[in-house]
Amino acid sequence: MKATINDVAKEAGVSIKTVSRVMNNEASVRQLTRDKVQAVVERLNYRPNLAARNLAGTKSYSVAYIYDNPNAYYIIDMQKGILSACKQQGFELLIHPCDSKNEDITQEVINMIKQSRIAGLVLTPPLSEMPEFVKSLLALDVKIVRIMSGDVAPDDLCPCVMVNDRDAAQTITQHLIDLGHRDIAFIAGDAQHMSTIERYKGYRKALKESNIAFDKSLLIEGEYSFDSGVSGANQLLSADNKDTRPTAIFSCNDEIAAGALFAARLMGVAIPDSLSIVGFENSPFSRQTWPKLTTADQPNDQIAEDATNILLGLVRKQKNPVTVSQYVPELIVRDSSAKHLSQP
C-alpha cells in the first residue's frame, strides 16, 4: 500500500504540518527534525501527490518551460535539466511549446499561466530575448528566469543564465585558422535567435584578429536545421563557386553541420581532407556523423538545471538563491577538422 503523509508523520513522531514543511523545503524547520522526517520519507518511499497539493492549497508547486525551438535535442536536454531540479525540490513541470512569431503569443502564455496556476517560468530563446513579452508575464506576479546568449544580462527585468556564444565561436573559428584555413564560411541559424548573432560576432572577431578579410560570399543565411546545412553547403560548394569555395565551414549548430557534411559527401568532397566542418553545442548530431564533428560543448541540461534552481529559489523567496553568471561552451576537437592541405 502506498505510504501517506499521515504514515510519515506517525512514524517520525511529528505533525502532518511539519512533514508538509519539510517536503516544501521551508527554512523554518530545524535541521534535526528535517533529517528525521527525510529518513522516514525515504524508508517508506513516500511521494507526495503534487497535483492534489496544487489544487488543495493557495500556493502553486508547478513551473513551466515555454519554448519555440526546432532542435529536438536542445529541447530534450532542457527538459532533462529542469525536471532534475523540479524533482529534487518537489515541483511539477508543465511543458508548453509555442510559436514566438504568433501575434497572440503573449495572451496565449498569460492564459496558460492563469489556468495552470504556474509559480514560475523558465524561458529560452527566442522568447527569453523578447523584453516586452517578459514584462507582460512579470506583471502577473510570476517568477521568471531566462536563459540567454551573451556575456552579461541585457537588463534587470529578472535573473538570467548567460551562454557566452561569442567567445566560444571565436575559439572554434580560431581553431580553424590555426589549422591554416583562411576561406572560412559561416552558415547561420535563425536570425531572431541572439545565439546566431553572438556566434557570428565571435566568428568575425577571430577573422579580424588574424587579419583575414571577411568575404561576404561565404556568409549563408539559414535556420537551425539539418536541411539548412544541406542547402548552405550546396550553395557554397556548387560548381558556380569553384573559384571561391571555402576550405572550412563554421555551422551555427551541430544539426546544420551534420547537414553540411551530408551534402559535401554527396558531392564527393572529402571531409576533412578537402573541407573542414565544425558545429556548435555538442549535441548527439555531432557524434552520429562520420567523421564525428568538431564542436563547442554547451551543457544544456546543466544550464537548465541551474536556471531552474534559481527560479525555485525565487519562488520560495529564499534570501540567497544560487546564481550563475555565464557558461562558455568549450572547444571539442574531433575528426571533421584538419590542417588545410597547403599547410605542412
# chains A, B, ... in the order shown; residues from 1 in each chain; ligands from 1
>>> residues_around(residues="A:Ser62", least_positions_apart="5", cutoff="6 Å", atoms="only C-alpha atoms", output="PyMOL selection string")
chain A and resi 91-93+118-119
>>> residues_around(residues="A:Tyr200", least_positions_apart="3", cutoff="8 Å", atoms="only C-alpha atoms", output="compact mmCIF listing (two decimals) with N, CA and C atoms, in the first residue's frame")
# COMPACT_ATOMS: atom_id res chain seq x y z
N ARG A 166 29.64 34.08 -28.05
CA ARG A 166 30.62 34.86 -28.82
C ARG A 166 32.04 34.35 -28.59
N ALA A 169 32.47 30.89 -30.09
CA ALA A 169 32.55 30.93 -31.56
C ALA A 169 33.91 31.46 -32.01
N PHE A 186 30.46 30.69 -43.10
CA PHE A 186 29.61 30.72 -41.91
C PHE A 186 28.17 30.45 -42.34
N ALA A 188 24.54 30.42 -40.95
CA ALA A 188 23.86 30.98 -39.79
C ALA A 188 22.65 30.15 -39.37
N THR A 196 22.60 33.21 -32.76
CA THR A 196 23.09 33.36 -34.14
C THR A 196 23.96 34.61 -34.26
N ILE A 197 23.47 35.70 -33.70
CA ILE A 197 24.20 36.97 -33.77
C ILE A 197 25.50 36.88 -33.00
N TYR A 203 32.82 34.70 -34.71
CA TYR A 203 33.45 34.31 -35.98
C TYR A 203 34.16 35.50 -36.61
N ARG A 204 33.47 36.64 -36.69
CA ARG A 204 34.06 37.84 -37.31
C ARG A 204 35.25 38.35 -36.49
>>> residues_around(residues="A:Gly150", least_positions_apart="5", cutoff="12 Å", atoms="only C-alpha atoms", output="list in words")
Pro125, Glu129, Asp155, Cys160, Val161, Met162, Val163, Asn164, Asp165, Arg166, Asp167, Ala168, Ala169, His193, Met194, Ser195, Thr196, Ile197, Glu198, Arg199, Lys201, Gly202, Ser325, Gln326, Tyr327, Val328 and Pro329 of chain A
>>> write_last_selection(atoms="N, CA and C atoms", output="compact mmCIF listing (two decimals), in the first residue's frame")
# COMPACT_ATOMS: atom_id res chain seq x y z
N PRO A 125 15.62 31.09 -25.62
CA PRO A 125 15.50 31.86 -26.85
C PRO A 125 14.54 31.21 -27.85
N GLU A 129 14.40 36.44 -25.17
CA GLU A 129 15.02 37.63 -25.74
C GLU A 129 13.98 38.63 -26.25
N ASP A 155 19.42 43.44 -19.29
CA ASP A 155 18.59 44.30 -18.47
C ASP A 155 18.46 43.68 -17.09
N CYS A 160 19.07 35.96 -15.13
CA CYS A 160 19.44 35.31 -16.39
C CYS A 160 20.58 34.33 -16.17
N VAL A 161 20.57 33.27 -16.94
CA VAL A 161 21.74 32.41 -17.08
C VAL A 161 22.25 32.66 -18.49
N MET A 162 23.47 33.17 -18.59
CA MET A 162 24.01 33.58 -19.87
C MET A 162 24.90 32.49 -20.47
N VAL A 163 24.81 32.34 -21.79
CA VAL A 163 25.68 31.42 -22.53
C VAL A 163 26.54 32.28 -23.45
N ASN A 164 27.84 32.29 -23.20
CA ASN A 164 28.75 33.17 -23.93
C ASN A 164 29.11 32.55 -25.28
N ASP A 165 28.18 32.64 -26.22
CA ASP A 165 28.37 32.08 -27.56
C ASP A 165 29.48 32.79 -28.31
N ARG A 166 29.64 34.08 -28.05
CA ARG A 166 30.62 34.86 -28.82
C ARG A 166 32.04 34.35 -28.59
N ASP A 167 32.43 34.21 -27.33
CA ASP A 167 33.78 33.74 -27.02
C ASP A 167 34.00 32.32 -27.54
N ALA A 168 32.97 31.48 -27.40
CA ALA A 168 33.10 30.10 -27.87
C ALA A 168 33.24 30.05 -29.39
N ALA A 169 32.47 30.89 -30.09
CA ALA A 169 32.55 30.93 -31.56
C ALA A 169 33.91 31.46 -32.01
N HIS A 193 17.25 34.51 -33.28
CA HIS A 193 17.93 34.00 -32.10
C HIS A 193 19.22 34.79 -31.85
N MET A 194 19.37 35.31 -30.63
CA MET A 194 20.58 36.06 -30.30
C MET A 194 21.82 35.18 -30.41
N SER A 195 21.67 33.87 -30.23
CA SER A 195 22.82 32.97 -30.36
C SER A 195 23.43 33.05 -31.75
N THR A 196 22.60 33.21 -32.76
CA THR A 196 23.09 33.36 -34.14
C THR A 196 23.96 34.61 -34.26
N ILE A 197 23.47 35.70 -33.70
CA ILE A 197 24.20 36.97 -33.77
C ILE A 197 25.50 36.88 -33.00
N GLU A 198 25.44 36.30 -31.80
CA GLU A 198 26.64 36.21 -30.96
C GLU A 198 27.69 35.29 -31.59
N ARG A 199 27.27 34.18 -32.16
CA ARG A 199 28.22 33.26 -32.80
C ARG A 199 28.83 33.90 -34.04
N LYS A 201 29.31 37.13 -34.40
CA LYS A 201 30.26 38.14 -33.91
C LYS A 201 31.58 37.49 -33.50
N GLY A 202 31.50 36.30 -32.86
CA GLY A 202 32.72 35.60 -32.48
C GLY A 202 33.52 35.17 -33.70
N SER A 325 26.52 33.19 -13.43
CA SER A 325 26.74 34.36 -14.28
C SER A 325 26.71 33.97 -15.75
N GLN A 326 27.54 33.00 -16.12
CA GLN A 326 27.56 32.62 -17.52
C GLN A 326 28.28 31.29 -17.72
N TYR A 327 27.96 30.68 -18.85
CA TYR A 327 28.65 29.49 -19.33
C TYR A 327 29.40 29.88 -20.61
N VAL A 328 30.59 29.33 -20.79
CA VAL A 328 31.33 29.49 -22.04
C VAL A 328 31.54 28.11 -22.63
N PRO A 329 30.81 27.75 -23.69
CA PRO A 329 31.00 26.43 -24.31
C PRO A 329 32.46 26.18 -24.67
>>> residues_around(residues="stretch 299-314 of chain A", least_positions_apart="5", cutoff="10 Å", atoms="only C-alpha atoms", output="PyMOL selection string")
chain A and resi 61-65+73-86+88-89+91+119-124+142-147+158-163+281-283+319-324+326-330
>>> write_last_selection(atoms="N, CA and C atoms", output="short mmCIF file (atom, residue, chain, number, x, y, z; two decimals), in the first residue's frame")
data_model
loop_
_atom_site.label_atom_id
_atom_site.label_comp_id
_atom_site.auth_asym_id
_atom_site.auth_seq_id
_atom_site.Cartn_x
_atom_site.Cartn_y
_atom_site.Cartn_z
N TYR A 61 2.81 24.71 -6.92
CA TYR A 61 4.03 23.92 -6.93
C TYR A 61 4.33 23.43 -8.36
N SER A 62 4.02 24.29 -9.32
CA SER A 62 4.28 23.96 -10.72
C SER A 62 5.07 25.09 -11.37
N VAL A 63 6.02 24.70 -12.21
CA VAL A 63 6.73 25.66 -13.04
C VAL A 63 6.55 25.23 -14.49
N ALA A 64 6.76 26.15 -15.40
CA ALA A 64 6.56 25.86 -16.82
C ALA A 64 7.82 26.15 -17.61
N TYR A 65 8.04 25.30 -18.60
CA TYR A 65 9.10 25.53 -19.59
C TYR A 65 8.41 25.88 -20.90
N TYR A 73 16.96 17.87 -29.85
CA TYR A 73 17.97 17.53 -28.84
C TYR A 73 18.11 18.64 -27.80
N TYR A 74 18.04 19.89 -28.25
CA TYR A 74 18.11 21.03 -27.34
C TYR A 74 16.94 20.99 -26.36
N ILE A 75 15.75 20.75 -26.88
CA ILE A 75 14.55 20.71 -26.05
C ILE A 75 14.63 19.58 -25.03
N ILE A 76 15.08 18.40 -25.47
CA ILE A 76 15.18 17.24 -24.56
C ILE A 76 16.16 17.53 -23.44
N ASP A 77 17.32 18.12 -23.77
CA ASP A 77 18.31 18.44 -22.74
C ASP A 77 17.76 19.46 -21.75
N MET A 78 17.06 20.46 -22.26
CA MET A 78 16.46 21.47 -21.39
C MET A 78 15.44 20.83 -20.45
N GLN A 79 14.57 20.00 -20.98
CA GLN A 79 13.57 19.33 -20.15
C GLN A 79 14.24 18.47 -19.08
N LYS A 80 15.30 17.77 -19.46
CA LYS A 80 16.02 16.91 -18.52
C LYS A 80 16.56 17.72 -17.35
N GLY A 81 17.19 18.86 -17.64
CA GLY A 81 17.75 19.69 -16.58
C GLY A 81 16.69 20.30 -15.69
N ILE A 82 15.61 20.78 -16.28
CA ILE A 82 14.53 21.40 -15.49
C ILE A 82 13.86 20.36 -14.61
N LEU A 83 13.59 19.18 -15.18
CA LEU A 83 12.96 18.11 -14.41
C LEU A 83 13.81 17.68 -13.23
N SER A 84 15.12 17.63 -13.43
CA SER A 84 16.02 17.23 -12.35
C SER A 84 15.88 18.16 -11.16
N ALA A 85 15.87 19.46 -11.41
CA ALA A 85 15.72 20.43 -10.32
C ALA A 85 14.33 20.35 -9.69
N CYS A 86 13.31 20.19 -10.52
CA CYS A 86 11.94 20.11 -10.00
C CYS A 86 11.75 18.90 -9.09
N GLN A 88 13.99 17.31 -7.34
CA GLN A 88 14.73 17.48 -6.10
C GLN A 88 13.99 18.39 -5.12
N GLN A 89 13.20 19.33 -5.65
CA GLN A 89 12.55 20.31 -4.78
C GLN A 89 11.04 20.15 -4.71
N PHE A 91 8.58 19.96 -7.15
CA PHE A 91 7.75 20.76 -8.05
C PHE A 91 7.39 19.95 -9.29
N ALA A 119 3.78 28.90 -10.87
CA ALA A 119 4.54 29.74 -9.93
C ALA A 119 5.73 30.42 -10.59
N GLY A 120 6.26 29.78 -11.62
CA GLY A 120 7.43 30.35 -12.27
C GLY A 120 7.65 29.78 -13.65
N LEU A 121 8.48 30.48 -14.43
CA LEU A 121 8.73 30.10 -15.82
C LEU A 121 10.22 30.07 -16.11
N VAL A 122 10.63 29.09 -16.90
CA VAL A 122 11.96 29.08 -17.50
C VAL A 122 11.78 29.42 -18.97
N LEU A 123 12.42 30.48 -19.40
CA LEU A 123 12.30 30.91 -20.79
C LEU A 123 13.63 30.73 -21.52
N THR A 124 13.56 30.20 -22.73
CA THR A 124 14.74 30.05 -23.57
C THR A 124 14.54 30.85 -24.85
N VAL A 142 4.44 36.50 -11.56
CA VAL A 142 5.02 35.16 -11.70
C VAL A 142 6.54 35.33 -11.80
N LYS A 143 7.29 34.39 -11.24
CA LYS A 143 8.74 34.46 -11.26
C LYS A 143 9.26 33.92 -12.59
N ILE A 144 10.32 34.54 -13.10
CA ILE A 144 10.88 34.15 -14.39
C ILE A 144 12.40 34.13 -14.31
N VAL A 145 12.99 33.11 -14.91
CA VAL A 145 14.43 33.08 -15.14
C VAL A 145 14.64 32.81 -16.62
N ARG A 146 15.54 33.60 -17.22
CA ARG A 146 15.78 33.50 -18.66
C ARG A 146 17.14 32.87 -18.94
N ILE A 147 17.18 32.03 -19.95
CA ILE A 147 18.43 31.52 -20.49
C ILE A 147 18.68 32.29 -21.78
N CYS A 158 14.69 40.33 -14.81
CA CYS A 158 14.67 39.11 -13.99
C CYS A 158 16.00 38.40 -14.17
N PRO A 159 16.32 37.44 -13.31
CA PRO A 159 17.60 36.76 -13.40
C PRO A 159 17.81 36.05 -14.74
N CYS A 160 19.07 35.96 -15.13
CA CYS A 160 19.44 35.31 -16.39
C CYS A 160 20.58 34.33 -16.17
N VAL A 161 20.57 33.27 -16.94
CA VAL A 161 21.74 32.41 -17.08
C VAL A 161 22.25 32.66 -18.49
N MET A 162 23.47 33.17 -18.59
CA MET A 162 24.01 33.58 -19.87
C MET A 162 24.90 32.49 -20.47
N VAL A 163 24.81 32.34 -21.79
CA VAL A 163 25.68 31.42 -22.53
C VAL A 163 26.54 32.28 -23.45
N GLU A 281 27.46 23.18 -29.95
CA GLU A 281 26.56 22.69 -28.91
C GLU A 281 26.90 21.29 -28.42
N ASN A 282 27.63 20.48 -29.20
CA ASN A 282 27.96 19.12 -28.80
C ASN A 282 26.69 18.29 -28.56
N SER A 283 25.76 18.40 -29.47
CA SER A 283 24.53 17.60 -29.42
C SER A 283 24.83 16.21 -29.98
N LYS A 319 16.55 33.89 0.58
CA LYS A 319 17.33 35.12 0.61
C LYS A 319 18.51 35.08 -0.34
N ASN A 320 19.14 33.93 -0.47
CA ASN A 320 20.34 33.83 -1.29
C ASN A 320 20.23 32.68 -2.29
N PRO A 321 19.37 32.81 -3.27
CA PRO A 321 19.27 31.74 -4.27
C PRO A 321 20.58 31.59 -5.03
N VAL A 322 20.89 30.36 -5.45
CA VAL A 322 22.10 30.13 -6.21
C VAL A 322 22.03 30.88 -7.54
N THR A 323 23.11 31.53 -7.92
CA THR A 323 23.12 32.26 -9.18
C THR A 323 24.27 31.78 -10.06
N VAL A 324 24.10 31.91 -11.35
CA VAL A 324 25.12 31.54 -12.33
C VAL A 324 25.30 32.73 -13.26
N GLN A 326 27.54 33.00 -16.12
CA GLN A 326 27.56 32.62 -17.52
C GLN A 326 28.28 31.29 -17.72
N TYR A 327 27.96 30.68 -18.85
CA TYR A 327 28.65 29.49 -19.33
C TYR A 327 29.40 29.88 -20.61
N VAL A 328 30.59 29.33 -20.79
CA VAL A 328 31.33 29.49 -22.04
C VAL A 328 31.54 28.11 -22.63
N PRO A 329 30.81 27.75 -23.69
CA PRO A 329 31.00 26.43 -24.31
C PRO A 329 32.46 26.18 -24.67
N GLU A 330 32.94 24.96 -24.42
CA GLU A 330 34.34 24.63 -24.62
C GLU A 330 34.56 23.84 -25.92
#
>>> closest_residue(among="A:Ala270, A:Phe133, A:Lys87, A:Arg334", to="A:Asp104", atoms="only C-alpha atoms")
A:Phe133
>>> closest_residue(among="A:Gly13, A:Gln288, A:Met267, A:Leu275", to="A:Gly180", atoms="only C-alpha atoms")
A:Leu275
>>> select_by_dssp(residues="stretch 59-278 of chain A", states="helix (DSSP H, G or I)", output="PyMOL selection string")
chain A and resi 72-89+105-116+127-129+131-138+165-178+194-209+216-218+226-237+239-241+254-266
>>> atom_distance(atom1="atom CA of A:Leu218", atom2="atom CA of A:Gln235")
9.6 Å
>>> select_by_dssp(residues="stretch 71-305 of chain A", states="strand (DSSP E or B)", output="PyMOL selection string")
chain A and resi 92-97+120-123+143-149+160-163+184-187+219-220+248-251+276-278+281+294-297
>>> closest_atom_pairs(of="stretch 80-193 of chain A", to="stretch 205-215 of chain A", cutoff="9 Å", atoms="only C-alpha atoms", output="CSV")
residue,atom,partner,partner_atom,distance
A:Arg166,CA,A:Lys205,CA,8.8
A:Ala169,CA,A:Ala206,CA,8.3
A:Gln170,CA,A:Ala206,CA,5.1
A:Thr171,CA,A:Ala206,CA,7.5
A:Ile172,CA,A:Ala206,CA,8.9
A:Thr173,CA,A:Ala206,CA,6.2
A:Gln174,CA,A:Ala206,CA,5.8
A:Ile177,CA,A:Ser210,CA,7.9
A:Arg182,CA,A:Ile212,CA,6.7
A:Asp183,CA,A:Asp215,CA,8.0
A:Ile184,CA,A:Asp215,CA,8.7
A:Ala185,CA,A:Asp215,CA,8.4
>>> atom_distance(atom1="atom CA of A:Ser225", atom2="atom CA of A:Thr244")
24.7 Å
>>> closest_residue(among="A:Ile95, A:Met112, A:Ala257, A:Leu157", to="A:Pro131", atoms="only C-alpha atoms")
A:Leu157
>>> residues_around(residues="stretch 258-264 of chain A", least_positions_apart="3", cutoff="10 Å", atoms="only C-alpha atoms", output="PyMOL selection string")
chain A and resi 187+225-234+236-238+249-251+253-255+267-272+274-279+285-293+336
>>> write_last_selection(atoms="C-alpha atoms", output="CSV table (one decimal), in the first residue's frame")
chain,number,residue,atom,x,y,z
A,187,ILE,CA,26.2,29.1,-42.1
A,225,SER,CA,18.0,22.6,-39.1
A,226,PHE,CA,19.7,19.8,-41.0
A,227,ASP,CA,18.1,20.9,-44.3
A,228,SER,CA,19.6,24.4,-43.8
A,229,GLY,CA,23.0,22.8,-43.6
A,230,VAL,CA,22.4,20.8,-46.7
A,231,SER,CA,21.2,23.9,-48.6
A,232,GLY,CA,24.0,26.1,-47.3
A,233,ALA,CA,26.7,23.6,-48.3
A,234,ASN,CA,25.2,23.1,-51.7
A,236,LEU,CA,28.9,27.1,-51.0
A,237,LEU,CA,30.3,24.1,-52.9
A,238,SER,CA,28.4,24.5,-56.2
A,249,ILE,CA,32.7,25.8,-42.7
A,250,PHE,CA,31.6,27.1,-39.4
A,251,SER,CA,28.0,25.9,-38.8
A,253,ASN,CA,24.9,24.3,-34.6
A,254,ASP,CA,25.6,20.6,-34.9
A,255,GLU,CA,22.4,20.0,-36.8
A,267,MET,CA,29.2,15.9,-53.8
A,268,GLY,CA,32.3,13.8,-53.4
A,269,VAL,CA,34.1,16.3,-51.1
A,270,ALA,CA,36.4,14.6,-48.7
A,271,ILE,CA,36.0,15.5,-45.0
A,272,PRO,CA,38.3,16.8,-43.5
A,274,SER,CA,39.3,18.8,-48.7
A,275,LEU,CA,36.9,20.6,-46.3
A,276,SER,CA,36.8,21.0,-42.6
A,277,ILE,CA,33.3,21.4,-41.0
A,278,VAL,CA,32.6,22.4,-37.4
A,279,GLY,CA,29.4,22.6,-35.4
A,285,PHE,CA,24.3,15.1,-34.0
A,286,SER,CA,28.0,15.8,-33.5
A,287,ARG,CA,28.7,12.2,-32.5
A,288,GLN,CA,26.4,10.5,-35.1
A,289,THR,CA,28.1,11.8,-38.2
A,290,TRP,CA,31.1,10.3,-39.9
A,291,PRO,CA,33.5,11.7,-39.3
A,292,LYS,CA,32.4,13.0,-35.9
A,293,LEU,CA,32.1,16.8,-35.6
A,336,SER,CA,35.8,16.8,-39.0
>>> atom_distance(atom1="atom CA of A:Asp273", atom2="atom CA of A:Leu341")
7.1 Å
